[in-house]
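Visitor: For reference, the file entry-v3.cif (mmCIF, C-alpha atoms) is included below:
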```cif
data_protein
#
loop_
_atom_site.label_atom_id
_atom_site.label_comp_id
_atom_site.auth_asym_id
_atom_site.auth_seq_id
_atom_site.Cartn_x
_atom_site.Cartn_y
_atom_site.Cartn_z
CA MET L 238 21.85 1.03 -10.30
CA ALA L 239 18.77 -0.77 -9.07
CA LYS L 240 15.48 -1.90 -10.58
CA ILE L 241 12.48 -0.36 -8.81
CA CYS L 242 8.86 -1.29 -9.43
CA MET L 243 5.72 0.47 -8.21
CA VAL L 244 1.98 -0.16 -8.35
CA VAL L 245 -0.69 2.53 -8.16
CA SER L 246 -4.31 1.40 -7.67
CA GLU L 247 -5.87 4.61 -6.34
CA GLY L 248 -6.38 7.82 -8.30
CA THR L 249 -6.03 10.53 -5.66
CA PHE L 250 -3.51 13.40 -5.66
CA ASP L 251 -1.20 11.86 -3.04
CA LYS L 252 -1.13 8.44 -4.73
CA ALA L 253 -0.56 10.21 -8.09
CA TYR L 254 2.44 12.30 -7.03
CA MET L 255 4.31 9.96 -4.67
CA PRO L 256 5.31 7.42 -7.36
CA LEU L 257 6.30 10.19 -9.79
CA ILE L 258 8.45 12.03 -7.22
CA MET L 259 10.16 8.78 -6.19
CA ALA L 260 10.49 7.63 -9.82
CA ASN L 261 12.08 10.92 -10.89
CA THR L 262 14.50 10.83 -7.97
CA ALA L 263 15.47 7.23 -8.72
CA ALA L 264 15.70 7.66 -12.50
CA ALA L 265 17.81 10.81 -12.11
CA SER L 266 20.43 8.73 -10.30
CA GLY L 267 20.40 5.96 -12.90
CA ASP L 268 17.87 3.48 -11.52
CA GLU L 269 15.49 1.60 -13.81
CA VAL L 270 11.90 2.37 -12.82
CA HIS L 271 8.61 0.69 -13.78
CA ILE L 272 5.17 1.93 -12.67
CA PHE L 273 2.07 -0.23 -13.13
CA TYR L 274 -1.37 1.45 -12.90
CA SER L 275 -4.35 -0.67 -11.90
CA PHE L 276 -8.00 -0.19 -10.81
CA PHE L 277 -8.68 3.48 -9.86
CA GLY L 278 -5.05 4.29 -10.63
CA THR L 279 -5.59 3.58 -14.34
CA LYS L 280 -7.08 7.02 -14.99
CA LEU L 281 -3.75 8.60 -13.92
CA VAL L 282 -2.15 7.45 -17.19
CA THR L 283 -4.96 8.78 -19.41
CA LYS L 284 -5.12 12.14 -21.20
CA LYS L 285 -7.88 13.26 -18.79
CA ALA L 286 -5.78 12.69 -15.64
CA ASN L 287 -6.42 15.43 -13.09
CA PRO L 288 -5.95 13.99 -9.58
CA LYS L 289 -7.62 15.57 -6.54
CA LEU L 290 -6.89 15.11 -2.83
CA PRO L 291 -9.01 12.36 -1.20
CA GLY L 292 -12.30 12.83 0.68
CA MET L 293 -12.93 16.07 2.48
CA PHE L 294 -9.41 17.31 1.53
CA ARG L 295 -10.58 17.51 -2.12
CA LEU L 296 -11.27 21.25 -1.90
CA PHE L 297 -7.67 21.95 -0.84
CA THR L 298 -6.14 20.44 -3.98
CA GLY L 299 -5.35 23.86 -5.53
CA MET L 300 -3.70 25.07 -2.33
CA PHE L 301 -1.55 21.93 -2.22
CA GLN L 302 -0.62 22.39 -5.84
CA LYS L 303 0.62 25.91 -5.08
CA LYS L 304 2.68 24.68 -2.14
CA MET L 305 4.22 22.02 -4.37
CA LYS L 306 5.14 24.63 -6.97
CA ALA L 307 6.91 26.54 -4.17
CA VAL L 308 9.10 23.49 -3.41
CA GLY L 309 9.88 22.98 -7.09
CA ILE L 310 7.34 20.30 -8.09
CA GLY L 311 5.34 21.06 -11.24
CA ASN L 312 1.73 20.14 -11.98
CA TYR L 313 0.77 16.53 -12.62
CA MET L 314 1.26 16.48 -16.40
CA GLU L 315 4.61 18.30 -16.13
CA THR L 316 5.84 15.84 -13.50
CA PHE L 317 4.62 12.91 -15.61
CA LYS L 318 6.40 14.19 -18.74
CA GLN L 319 9.56 14.75 -16.72
CA ALA L 320 9.40 11.10 -15.63
CA GLN L 321 9.06 9.95 -19.23
CA GLU L 322 12.04 12.09 -20.28
CA LEU L 323 14.05 10.45 -17.49
CA GLY L 324 13.17 7.04 -18.92
CA VAL L 325 10.57 5.87 -16.37
CA ASN L 326 8.40 3.07 -17.80
CA PHE L 327 4.61 3.38 -17.49
CA TYR L 328 2.08 0.56 -17.80
CA ALA L 329 -1.71 0.32 -17.65
CA CYS L 330 -3.14 -2.95 -16.30
CA SER L 331 -4.91 -4.71 -19.18
CA THR L 332 -7.53 -6.38 -16.96
CA THR L 333 -8.68 -3.21 -15.26
CA MET L 334 -8.64 -1.06 -18.43
CA ASP L 335 -11.77 -2.96 -19.47
CA LEU L 336 -13.34 -2.54 -16.03
CA MET L 337 -12.60 1.18 -15.83
CA GLY L 338 -13.72 1.84 -19.40
CA VAL L 339 -10.24 3.02 -20.45
CA LYS L 340 -9.33 2.42 -24.12
CA LYS L 341 -5.84 2.20 -25.62
CA GLU L 342 -6.35 5.55 -27.37
CA ASP L 343 -7.23 7.22 -24.04
CA LEU L 344 -3.75 6.48 -22.66
CA LEU L 345 -0.99 9.09 -22.53
CA PRO L 346 1.81 8.62 -25.12
CA ASN L 347 4.26 5.76 -24.45
CA VAL L 348 2.10 4.12 -21.77
CA LYS L 349 2.21 0.38 -22.49
CA VAL L 350 -0.62 -2.08 -21.80
CA LEU L 351 0.57 -4.90 -19.48
CA GLY L 352 -1.02 -8.01 -17.97
CA ALA L 353 -0.74 -9.20 -14.38
CA ALA L 354 1.72 -12.00 -15.24
CA ALA L 355 4.19 -9.62 -16.90
CA PHE L 356 3.88 -7.18 -14.01
CA LEU L 357 4.58 -9.89 -11.43
CA LYS L 358 7.71 -10.85 -13.38
CA LEU L 359 8.88 -7.21 -13.08
CA ALA L 360 8.09 -7.20 -9.35
CA VAL L 361 10.04 -10.39 -8.70
CA GLU L 362 13.06 -9.08 -10.64
CA SER L 363 13.07 -5.71 -8.81
CA GLU L 364 15.25 -4.81 -5.82
CA ALA L 365 12.33 -2.82 -4.37
CA THR L 366 8.62 -3.08 -5.09
CA LEU L 367 6.34 -0.39 -3.68
CA PHE L 368 2.58 -0.89 -3.78
CA ILE L 369 1.70 2.78 -3.32
CA GLY L 370 -1.98 2.17 -2.54
CA MET N 226 9.32 -20.13 -9.60
CA ALA N 227 9.23 -17.30 -7.11
CA LYS N 228 7.82 -16.76 -3.64
CA ILE N 229 5.33 -13.88 -3.53
CA CYS N 230 3.80 -12.44 -0.39
CA MET N 231 0.90 -9.98 -0.07
CA VAL N 232 -0.81 -8.09 2.75
CA VAL N 233 -4.41 -6.86 2.67
CA SER N 234 -5.49 -4.46 5.42
CA GLU N 235 -8.56 -2.88 3.78
CA GLY N 236 -11.83 -4.63 3.03
CA THR N 237 -13.07 -2.90 -0.13
CA PHE N 238 -13.83 -4.52 -3.49
CA ASP N 239 -10.66 -3.30 -5.21
CA LYS N 240 -8.38 -4.40 -2.33
CA ALA N 241 -10.25 -7.73 -2.22
CA TYR N 242 -9.87 -8.61 -5.90
CA MET N 243 -6.38 -7.31 -6.72
CA PRO N 244 -4.50 -9.83 -4.52
CA LEU N 245 -6.68 -12.72 -5.75
CA ILE N 246 -6.22 -11.85 -9.43
CA MET N 247 -2.46 -11.49 -8.96
CA ALA N 248 -2.27 -14.62 -6.78
CA ASN N 249 -4.16 -16.73 -9.32
CA THR N 250 -1.97 -15.47 -12.15
CA ALA N 251 1.21 -16.21 -10.16
CA ALA N 252 0.06 -19.58 -8.82
CA ALA N 253 -1.05 -20.71 -12.28
CA SER N 254 2.53 -20.28 -13.50
CA GLY N 255 4.01 -22.16 -10.55
CA ASP N 256 4.80 -19.40 -8.05
CA GLU N 257 4.30 -19.92 -4.30
CA VAL N 258 1.88 -17.29 -3.00
CA HIS N 259 1.04 -16.22 0.57
CA ILE N 260 -1.65 -13.64 1.45
CA PHE N 261 -1.89 -12.19 4.96
CA TYR N 262 -5.12 -10.41 5.99
CA SER N 263 -4.97 -7.77 8.71
CA PHE N 264 -7.20 -5.01 10.19
CA PHE N 265 -10.20 -4.29 7.89
CA GLY N 266 -8.90 -6.91 5.47
CA THR N 267 -9.58 -9.69 7.99
CA LYS N 268 -13.27 -9.86 7.09
CA LEU N 269 -12.30 -10.86 3.52
CA VAL N 270 -11.30 -14.33 4.75
CA THR N 271 -14.52 -14.91 6.72
CA LYS N 272 -17.64 -16.72 5.56
CA LYS N 273 -19.52 -13.40 5.48
CA ALA N 274 -17.07 -11.73 3.06
CA ASN N 275 -18.93 -9.54 0.57
CA PRO N 276 -16.69 -6.64 -0.47
CA LYS N 277 -18.12 -3.38 -1.83
CA LEU N 278 -16.43 -0.55 -3.73
CA PRO N 279 -15.13 2.23 -1.45
CA GLY N 280 -16.92 5.48 -0.55
CA MET N 281 -19.33 6.95 -3.04
CA PHE N 282 -18.49 4.20 -5.56
CA ARG N 283 -20.23 1.69 -3.26
CA LEU N 284 -23.48 1.78 -5.25
CA PHE N 285 -21.66 0.76 -8.42
CA THR N 286 -20.39 -2.53 -6.99
CA GLY N 287 -22.97 -4.63 -8.87
CA MET N 288 -22.14 -2.91 -12.15
CA PHE N 289 -18.45 -3.58 -11.61
CA GLN N 290 -19.16 -7.18 -10.79
CA LYS N 291 -20.99 -7.58 -14.12
CA LYS N 292 -18.10 -6.01 -16.03
CA MET N 293 -15.71 -8.40 -14.29
CA LYS N 294 -17.84 -11.38 -15.29
CA ALA N 295 -17.60 -10.13 -18.89
CA VAL N 296 -13.77 -10.28 -18.75
CA GLY N 297 -13.82 -13.75 -17.18
CA ILE N 298 -13.48 -12.97 -13.46
CA GLY N 299 -16.03 -14.69 -11.21
CA ASN N 300 -17.59 -13.37 -8.02
CA TYR N 301 -15.52 -13.00 -4.87
CA MET N 302 -16.12 -16.45 -3.40
CA GLU N 303 -15.52 -18.16 -6.75
CA THR N 304 -12.24 -16.29 -7.23
CA PHE N 305 -11.21 -17.11 -3.65
CA LYS N 306 -11.95 -20.84 -4.12
CA GLN N 307 -10.05 -20.83 -7.39
CA ALA N 308 -7.03 -19.39 -5.53
CA GLN N 309 -7.23 -22.14 -2.92
CA GLU N 310 -7.44 -24.81 -5.64
CA LEU N 311 -4.29 -23.29 -7.19
CA GLY N 312 -2.51 -23.66 -3.84
CA VAL N 313 -2.49 -20.04 -2.69
CA ASN N 314 -1.93 -19.80 1.10
CA PHE N 315 -4.30 -17.63 3.15
CA TYR N 316 -3.65 -16.25 6.65
CA ALA N 317 -5.63 -14.14 9.11
CA CYS N 318 -3.59 -11.88 11.43
CA SER N 319 -3.97 -13.22 14.96
CA THR N 320 -3.65 -9.77 16.62
CA THR N 321 -6.35 -8.11 14.58
CA MET N 322 -8.79 -11.04 14.70
CA ASP N 323 -9.37 -10.12 18.33
CA LEU N 324 -9.77 -6.43 17.45
CA MET N 325 -12.17 -7.07 14.58
CA GLY N 326 -14.21 -9.62 16.55
CA VAL N 327 -13.37 -12.43 14.12
CA LYS N 328 -13.30 -15.94 15.62
CA LYS N 329 -11.47 -18.99 14.26
CA GLU N 330 -14.82 -20.60 13.33
CA ASP N 331 -15.77 -17.51 11.27
CA LEU N 332 -12.83 -18.05 8.90
CA LEU N 333 -13.23 -19.65 5.49
CA PRO N 334 -11.88 -23.24 5.21
CA ASN N 335 -8.07 -23.62 5.16
CA VAL N 336 -7.39 -20.05 6.27
CA LYS N 337 -4.62 -20.27 8.86
CA VAL N 338 -4.17 -17.95 11.85
CA LEU N 339 -0.73 -16.29 11.78
CA GLY N 340 1.15 -13.82 13.99
CA ALA N 341 3.14 -10.77 12.89
CA ALA N 342 6.51 -12.46 13.49
CA ALA N 343 5.69 -15.41 11.23
CA PHE N 344 4.33 -13.08 8.55
CA LEU N 345 7.48 -10.94 8.60
CA LYS N 346 9.56 -14.09 8.11
CA LEU N 347 7.49 -14.87 4.99
CA ALA N 348 7.95 -11.29 3.73
CA VAL N 349 11.72 -11.39 4.18
CA GLU N 350 11.97 -14.74 2.37
CA SER N 351 9.83 -13.58 -0.58
CA GLU N 352 11.12 -12.26 -3.90
CA ALA N 353 8.25 -9.77 -3.98
CA THR N 354 6.11 -8.42 -1.15
CA LEU N 355 3.06 -6.36 -2.04
CA PHE N 356 1.26 -4.45 0.68
CA ILE N 357 -2.00 -3.99 -1.27
CA GLY N 358 -3.44 -1.36 1.06
CA MET H 194 18.63 -10.66 11.10
CA ALA H 195 17.00 -8.82 8.25
CA LYS H 196 16.63 -5.20 7.18
CA ILE H 197 12.98 -4.16 6.92
CA CYS H 198 11.76 -0.86 5.52
CA MET H 199 8.25 0.61 5.67
CA VAL H 200 6.48 3.68 4.25
CA VAL H 201 3.42 5.32 5.79
CA SER H 202 1.61 7.94 3.70
CA GLU H 203 -1.80 7.95 5.41
CA GLY H 204 -2.52 9.20 8.91
CA THR H 205 -5.37 6.97 10.09
CA PHE H 206 -5.39 4.70 13.15
CA ASP H 207 -4.93 1.46 11.19
CA LYS H 208 -2.04 2.85 9.10
CA ALA H 209 -0.51 4.29 12.31
CA TYR H 210 -0.51 1.07 14.32
CA MET H 211 0.30 -1.56 11.70
CA PRO H 212 3.89 -0.39 11.05
CA LEU H 213 4.55 0.02 14.79
CA ILE H 214 3.23 -3.44 15.68
CA MET H 215 5.26 -5.02 12.87
CA ALA H 216 8.32 -2.91 13.67
CA ASN H 217 8.23 -3.86 17.35
CA THR H 218 7.83 -7.54 16.51
CA ALA H 219 10.74 -7.40 14.05
CA ALA H 220 13.03 -5.27 16.23
CA ALA H 221 12.38 -7.53 19.26
CA SER H 222 13.84 -10.45 17.30
CA GLY H 223 16.87 -8.49 16.15
CA ASP H 224 15.83 -7.09 12.77
CA GLU H 225 16.87 -3.60 11.67
CA VAL H 226 13.75 -1.53 10.95
CA HIS H 227 13.32 1.80 9.16
CA ILE H 228 9.99 3.65 8.84
CA PHE H 229 9.58 6.59 6.45
CA TYR H 230 6.58 8.91 6.90
CA SER H 231 5.31 10.86 3.90
CA PHE H 232 2.24 12.94 2.89
CA PHE H 233 -0.64 12.45 5.39
CA GLY H 234 1.55 10.04 7.35
CA THR H 235 3.93 12.84 8.34
CA LYS H 236 1.69 14.00 11.17
CA LEU H 237 2.15 10.58 12.85
CA VAL H 238 5.73 11.51 13.81
CA THR H 239 4.79 14.91 15.27
CA LYS H 240 4.10 15.77 18.91
CA LYS H 241 0.41 16.27 18.05
CA ALA H 242 -0.06 12.76 16.62
CA ASN H 243 -3.44 11.35 17.60
CA PRO H 244 -4.65 8.98 14.87
CA LYS H 245 -8.35 8.18 14.37
CA LEU H 246 -10.03 5.36 12.45
CA PRO H 247 -10.88 6.31 8.82
CA GLY H 248 -14.21 7.63 7.51
CA MET H 249 -17.38 6.60 9.28
CA PHE H 250 -15.38 4.35 11.65
CA ARG H 251 -13.87 7.50 13.23
CA LEU H 252 -16.33 7.47 16.14
CA PHE H 253 -15.26 3.95 17.12
CA THR H 254 -11.62 4.88 17.69
CA GLY H 255 -11.95 4.85 21.49
CA MET H 256 -13.62 1.44 21.44
CA PHE H 257 -10.82 0.07 19.26
CA GLN H 258 -8.24 1.55 21.59
CA LYS H 259 -9.81 -0.28 24.53
CA LYS H 260 -9.83 -3.57 22.62
CA MET H 261 -6.17 -3.07 21.80
CA LYS H 262 -5.35 -2.47 25.44
CA ALA H 263 -7.06 -5.80 26.19
CA VAL H 264 -4.69 -7.63 23.81
CA GLY H 265 -1.65 -5.88 25.28
CA ILE H 266 -1.12 -2.98 22.84
CA GLY H 267 -0.69 0.43 24.46
CA ASN H 268 -1.84 3.80 23.12
CA TYR H 269 -0.13 5.37 20.11
CA MET H 270 2.55 7.33 21.96
CA GLU H 271 3.39 4.36 24.21
CA THR H 272 3.73 2.05 21.21
CA PHE H 273 5.84 4.65 19.40
CA LYS H 274 8.20 5.06 22.37
CA GLN H 275 8.49 1.29 22.71
CA ALA H 276 9.58 1.17 19.06
CA GLN H 277 12.25 3.79 19.67
CA GLU H 278 13.52 1.88 22.71
CA LEU H 279 13.78 -1.22 20.52
CA GLY H 280 15.93 0.74 18.08
CA VAL H 281 13.42 1.30 15.26
CA ASN H 282 14.50 4.20 13.01
CA PHE H 283 11.95 6.91 12.18
CA TYR H 284 12.13 9.39 9.30
CA ALA H 285 9.95 12.26 8.08
CA CYS H 286 9.96 12.91 4.31
CA SER H 287 11.66 16.28 3.72
CA THR H 288 9.59 17.12 0.62
CA THR H 289 6.22 16.57 2.22
CA MET H 290 7.11 18.26 5.54
CA ASP H 291 6.93 21.56 3.63
CA LEU H 292 3.64 20.57 1.99
CA MET H 293 2.01 19.45 5.24
CA GLY H 294 3.29 22.49 7.19
CA VAL H 295 5.36 20.30 9.55
CA LYS H 296 8.49 21.95 10.97
CA LYS H 297 11.58 20.20 12.35
CA GLU H 298 10.65 21.32 15.91
CA ASP H 299 7.19 19.72 15.54
CA LEU H 300 8.74 16.26 15.14
CA LEU H 301 8.91 13.74 17.97
CA PRO H 302 12.40 13.23 19.48
CA ASN H 303 14.89 11.26 17.36
CA VAL H 304 12.80 11.44 14.18
CA LYS H 305 15.23 12.24 11.35
CA VAL H 306 14.43 14.28 8.24
CA LEU H 307 15.13 12.25 5.08
CA GLY H 308 14.86 12.87 1.33
CA ALA H 309 13.37 10.55 -1.29
CA ALA H 310 16.80 9.51 -2.65
CA ALA H 311 18.04 8.35 0.75
CA PHE H 312 14.77 6.51 1.40
CA LEU H 313 14.96 4.68 -1.93
CA LYS H 314 18.49 3.57 -1.06
CA LEU H 315 17.12 2.07 2.19
CA ALA H 316 14.30 0.35 0.27
CA VAL H 317 16.68 -1.21 -2.26
CA GLU H 318 18.98 -2.49 0.52
CA SER H 319 16.07 -4.03 2.52
CA GLU H 320 15.00 -7.66 2.45
CA ALA H 321 11.36 -6.52 2.72
CA THR H 322 9.80 -3.17 1.92
CA LEU H 323 6.19 -2.59 2.97
CA PHE H 324 4.35 0.44 1.65
CA ILE H 325 1.63 0.41 4.33
CA GLY H 326 -0.69 2.85 2.52
#
```
Would you give me this structure, written as structure tokens?

Guide:
Amino acid sequence: MAKICMVVSEGTFDKAYMPLIMANTAAASGDEVHIFYSFFGTKLVTKKANPKLPGMFRLFTGMFQKKMKAVGIGNYMETFKQAQELGVNFYACSTTMDLMGVKKEDLLPNVKVLGAAAFLKLAVESEATLFIG
Amino acid sequence: MAKICMVVSEGTFDKAYMPLIMANTAAASGDEVHIFYSFFGTKLVTKKANPKLPGMFRLFTGMFQKKMKAVGIGNYMETFKQAQELGVNFYACSTTMDLMGVKKEDLLPNVKVLGAAAFLKLAVESEATLFIG
Amino acid sequence: MAKICMVVSEGTFDKAYMPLIMANTAAASGDEVHIFYSFFGTKLVTKKANPKLPGMFRLFTGMFQKKMKAVGIGNYMETFKQAQELGVNFYACSTTMDLMGVKKEDLLPNVKVLGAAAFLKLAVESEATLFIG
């Protein structure tokens, strides 16, 4: 069992799914996983989360989603809920919530508000820290 | 006290502020912090540094800056100087300085020039390494 | 000797070269290096790999390439082969190969197919894990 910590600071489709897929894989084999959402990533832990592919790939988001279904990966909210059921811990960065106009009541259930100091403590204690982008 | 190492390879507003905010938080509680600037990140440790939000968000940089002031975060140069006063160590990647056309005299005071081998040594010795993007 | 692990999820020029330059530096001094390619990064370990600078910088890729030659860094395929000769280990993410339409026969020689669970094991065992972007 290891402690794994991730940071997500961008809100695109790829940066939304990668931490969830890795978190679910890790949590399913007993690892303790913490994901911290900052800057543009913060919207991914709100009720309105609906990530799109970046830049000119944006229009292909639906096609990607279909391909993911074919390999057994559900839509974003399903994958997020699966992570929570597996015990993955989700945090929104308190400093950037203000900047991004995200309020506590906008957050998805069981997403905790965390400051930079507490996050860094998690990172230092973890066996692997992945700053997803 | 922990040793924390970060890499910044992009030059946008979000990638400029995140390492400084985390570095200042860590350094204020006694951690040793090292930040290595590479590729597009290199310009963030030059005297002309003036990061903007990425892509179509670019025009909102001033608005963001105001919001940051409201939560107690100064402008880029102020936040950078604060980090230096707290003892945060800044490095420009020697390989990419040549590529980006950045000369030693363009660097902000006390920014050291460092090669990839020396950076990797820092990363291996650190309790947490964050590749910001 | 340390164990260093990297992830590449974007396919641009900067995200293509940074892991190779660091990997070659590390491997040359005896470190064990593993690089895992996921999402848009997957195309970087295919025979058609030909990374360009991101966004509006795209047109300057050739100019950058020339500057890199001047500081002793070869083209992408040369740098990749050098890494393999130095013993760097390359992996394509099995989940995203399907998504990106990359087949096993499209991969460059000696690139292994790896799942998320096996990658996370590598990350946890490494002294430094760099998620390049």

Visitor: Residue by residue, what does the PyMOL selection byres ((chain N and resi 264-280) around 7) grab here? Present the result as a list of chain:residue names.

Guide: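 When the PyMOL selection byres ((chain N and resi 264-280) around 7) is applied, the selected residues are N:Val233, N:Ser234, N:Glu235, N:Gly236, N:Thr237, N:Phe238, N:Asp239, N:Ala241, N:Tyr262, N:Ser263, N:Met281, N:Phe282, N:Arg283, N:Thr286, N:Ala317, N:Thr321, N:Met322, N:Met325, N:Asp331, N:Leu332, N:Leu333, H:Asp207.
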
Visitor: Select, as an MDAnalysis selection string, those residues of chain N with any atom no more than 10 Å from chain H (distances computed using all atoms listed in the file).

Guide: chainID N and resid 231:235 263:265 280 320:321 323:326 340:358

Visitor: Would you mind aligning chain L to chain N, a least-squares fit over all C-alpha atoms taken in order, and returning the superposed chain as a short mmCIF file (atom, residue, chain, number, x, y, z; two decimals) with C-alpha atoms, keeping the file's coordinate frame?

Guide:
```cif
data_model
loop_
_atom_site.label_atom_id
_atom_site.label_comp_id
_atom_site.auth_asym_id
_atom_site.auth_seq_id
_atom_site.Cartn_x
_atom_site.Cartn_y
_atom_site.Cartn_z
CA MET L 238 9.32 -20.14 -9.60
CA ALA L 239 9.24 -17.30 -7.11
CA LYS L 240 7.83 -16.76 -3.64
CA ILE L 241 5.33 -13.88 -3.53
CA CYS L 242 3.80 -12.43 -0.38
CA MET L 243 0.92 -9.98 -0.07
CA VAL L 244 -0.80 -8.09 2.74
CA VAL L 245 -4.39 -6.86 2.67
CA SER L 246 -5.49 -4.45 5.42
CA GLU L 247 -8.56 -2.88 3.79
CA GLY L 248 -11.83 -4.64 3.03
CA THR L 249 -13.07 -2.89 -0.11
CA PHE L 250 -13.83 -4.52 -3.48
CA ASP L 251 -10.64 -3.31 -5.20
CA LYS L 252 -8.37 -4.39 -2.33
CA ALA L 253 -10.25 -7.74 -2.22
CA TYR L 254 -9.87 -8.63 -5.90
CA MET L 255 -6.38 -7.32 -6.73
CA PRO L 256 -4.50 -9.83 -4.52
CA LEU L 257 -6.68 -12.72 -5.74
CA ILE L 258 -6.22 -11.86 -9.43
CA MET L 259 -2.45 -11.50 -8.97
CA ALA L 260 -2.27 -14.62 -6.77
CA ASN L 261 -4.16 -16.72 -9.32
CA THR L 262 -1.96 -15.49 -12.14
CA ALA L 263 1.21 -16.21 -10.17
CA ALA L 264 0.07 -19.59 -8.82
CA ALA L 265 -1.05 -20.71 -12.29
CA SER L 266 2.53 -20.29 -13.49
CA GLY L 267 4.01 -22.16 -10.54
CA ASP L 268 4.81 -19.40 -8.04
CA GLU L 269 4.32 -19.90 -4.31
CA VAL L 270 1.88 -17.30 -2.99
CA HIS L 271 1.03 -16.22 0.57
CA ILE L 272 -1.65 -13.64 1.45
CA PHE L 273 -1.89 -12.19 4.96
CA TYR L 274 -5.13 -10.41 5.97
CA SER L 275 -4.97 -7.78 8.70
CA PHE L 276 -7.18 -5.02 10.19
CA PHE L 277 -10.19 -4.28 7.90
CA GLY L 278 -8.90 -6.90 5.47
CA THR L 279 -9.59 -9.69 7.98
CA LYS L 280 -13.28 -9.87 7.08
CA LEU L 281 -12.31 -10.86 3.51
CA VAL L 282 -11.30 -14.33 4.74
CA THR L 283 -14.52 -14.91 6.72
CA LYS L 284 -17.66 -16.73 5.57
CA LYS L 285 -19.53 -13.39 5.48
CA ALA L 286 -17.08 -11.74 3.05
CA ASN L 287 -18.94 -9.55 0.56
CA PRO L 288 -16.68 -6.65 -0.48
CA LYS L 289 -18.12 -3.39 -1.83
CA LEU L 290 -16.41 -0.57 -3.73
CA PRO L 291 -15.11 2.23 -1.45
CA GLY L 292 -16.91 5.47 -0.55
CA MET L 293 -19.34 6.95 -3.00
CA PHE L 294 -18.50 4.19 -5.55
CA ARG L 295 -20.24 1.67 -3.23
CA LEU L 296 -23.48 1.79 -5.22
CA PHE L 297 -21.67 0.75 -8.42
CA THR L 298 -20.40 -2.54 -6.98
CA GLY L 299 -22.98 -4.65 -8.88
CA MET L 300 -22.16 -2.92 -12.16
CA PHE L 301 -18.45 -3.58 -11.62
CA GLN L 302 -19.17 -7.19 -10.80
CA LYS L 303 -20.99 -7.58 -14.12
CA LYS L 304 -18.11 -6.01 -16.03
CA MET L 305 -15.71 -8.40 -14.30
CA LYS L 306 -17.84 -11.38 -15.29
CA ALA L 307 -17.60 -10.13 -18.90
CA VAL L 308 -13.77 -10.27 -18.74
CA GLY L 309 -13.84 -13.74 -17.20
CA ILE L 310 -13.49 -12.97 -13.46
CA GLY L 311 -16.02 -14.70 -11.21
CA ASN L 312 -17.59 -13.36 -8.02
CA TYR L 313 -15.51 -12.99 -4.87
CA MET L 314 -16.13 -16.45 -3.39
CA GLU L 315 -15.52 -18.16 -6.75
CA THR L 316 -12.25 -16.28 -7.23
CA PHE L 317 -11.21 -17.11 -3.65
CA LYS L 318 -11.95 -20.83 -4.11
CA GLN L 319 -10.05 -20.81 -7.39
CA ALA L 320 -7.04 -19.38 -5.53
CA GLN L 321 -7.24 -22.13 -2.92
CA GLU L 322 -7.43 -24.81 -5.64
CA LEU L 323 -4.30 -23.29 -7.19
CA GLY L 324 -2.52 -23.66 -3.85
CA VAL L 325 -2.49 -20.02 -2.67
CA ASN L 326 -1.93 -19.80 1.10
CA PHE L 327 -4.30 -17.61 3.15
CA TYR L 328 -3.66 -16.25 6.64
CA ALA L 329 -5.63 -14.14 9.11
CA CYS L 330 -3.59 -11.88 11.41
CA SER L 331 -3.97 -13.21 14.96
CA THR L 332 -3.64 -9.78 16.61
CA THR L 333 -6.35 -8.11 14.57
CA MET L 334 -8.78 -11.06 14.69
CA ASP L 335 -9.38 -10.11 18.33
CA LEU L 336 -9.76 -6.43 17.45
CA MET L 337 -12.17 -7.07 14.58
CA GLY L 338 -14.22 -9.59 16.54
CA VAL L 339 -13.37 -12.42 14.11
CA LYS L 340 -13.30 -15.93 15.62
CA LYS L 341 -11.47 -18.98 14.26
CA GLU L 342 -14.80 -20.59 13.31
CA ASP L 343 -15.78 -17.49 11.28
CA LEU L 344 -12.84 -18.04 8.90
CA LEU L 345 -13.23 -19.65 5.48
CA PRO L 346 -11.89 -23.24 5.22
CA ASN L 347 -8.08 -23.61 5.14
CA VAL L 348 -7.39 -20.03 6.27
CA LYS L 349 -4.61 -20.27 8.86
CA VAL L 350 -4.17 -17.95 11.85
CA LEU L 351 -0.72 -16.27 11.77
CA GLY L 352 1.15 -13.81 14.00
CA ALA L 353 3.13 -10.78 12.89
CA ALA L 354 6.51 -12.46 13.48
CA ALA L 355 5.68 -15.41 11.22
CA PHE L 356 4.33 -13.08 8.55
CA LEU L 357 7.48 -10.94 8.59
CA LYS L 358 9.56 -14.10 8.12
CA LEU L 359 7.49 -14.87 4.99
CA ALA L 360 7.95 -11.29 3.74
CA VAL L 361 11.72 -11.39 4.19
CA GLU L 362 11.97 -14.74 2.38
CA SER L 363 9.82 -13.58 -0.58
CA GLU L 364 11.14 -12.27 -3.90
CA ALA L 365 8.26 -9.76 -3.98
CA THR L 366 6.13 -8.42 -1.14
CA LEU L 367 3.07 -6.35 -2.04
CA PHE L 368 1.25 -4.44 0.69
CA ILE L 369 -1.99 -4.01 -1.25
CA GLY L 370 -3.46 -1.38 1.08
#
```

Visitor: Record the distance separating atom CA of H:Phe229 and atom CA of H:Met270, expressed in Å with one decimal.

Guide: 17.0 Å

Visitor: Could you check how far atom CA of N:Phe315 sits from atom CA of N:Gly299, in Å to one decimal?

Guide: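 Between atom CA of N:Phe315 and atom CA of N:Gly299 the gap works out to 18.8 Å.
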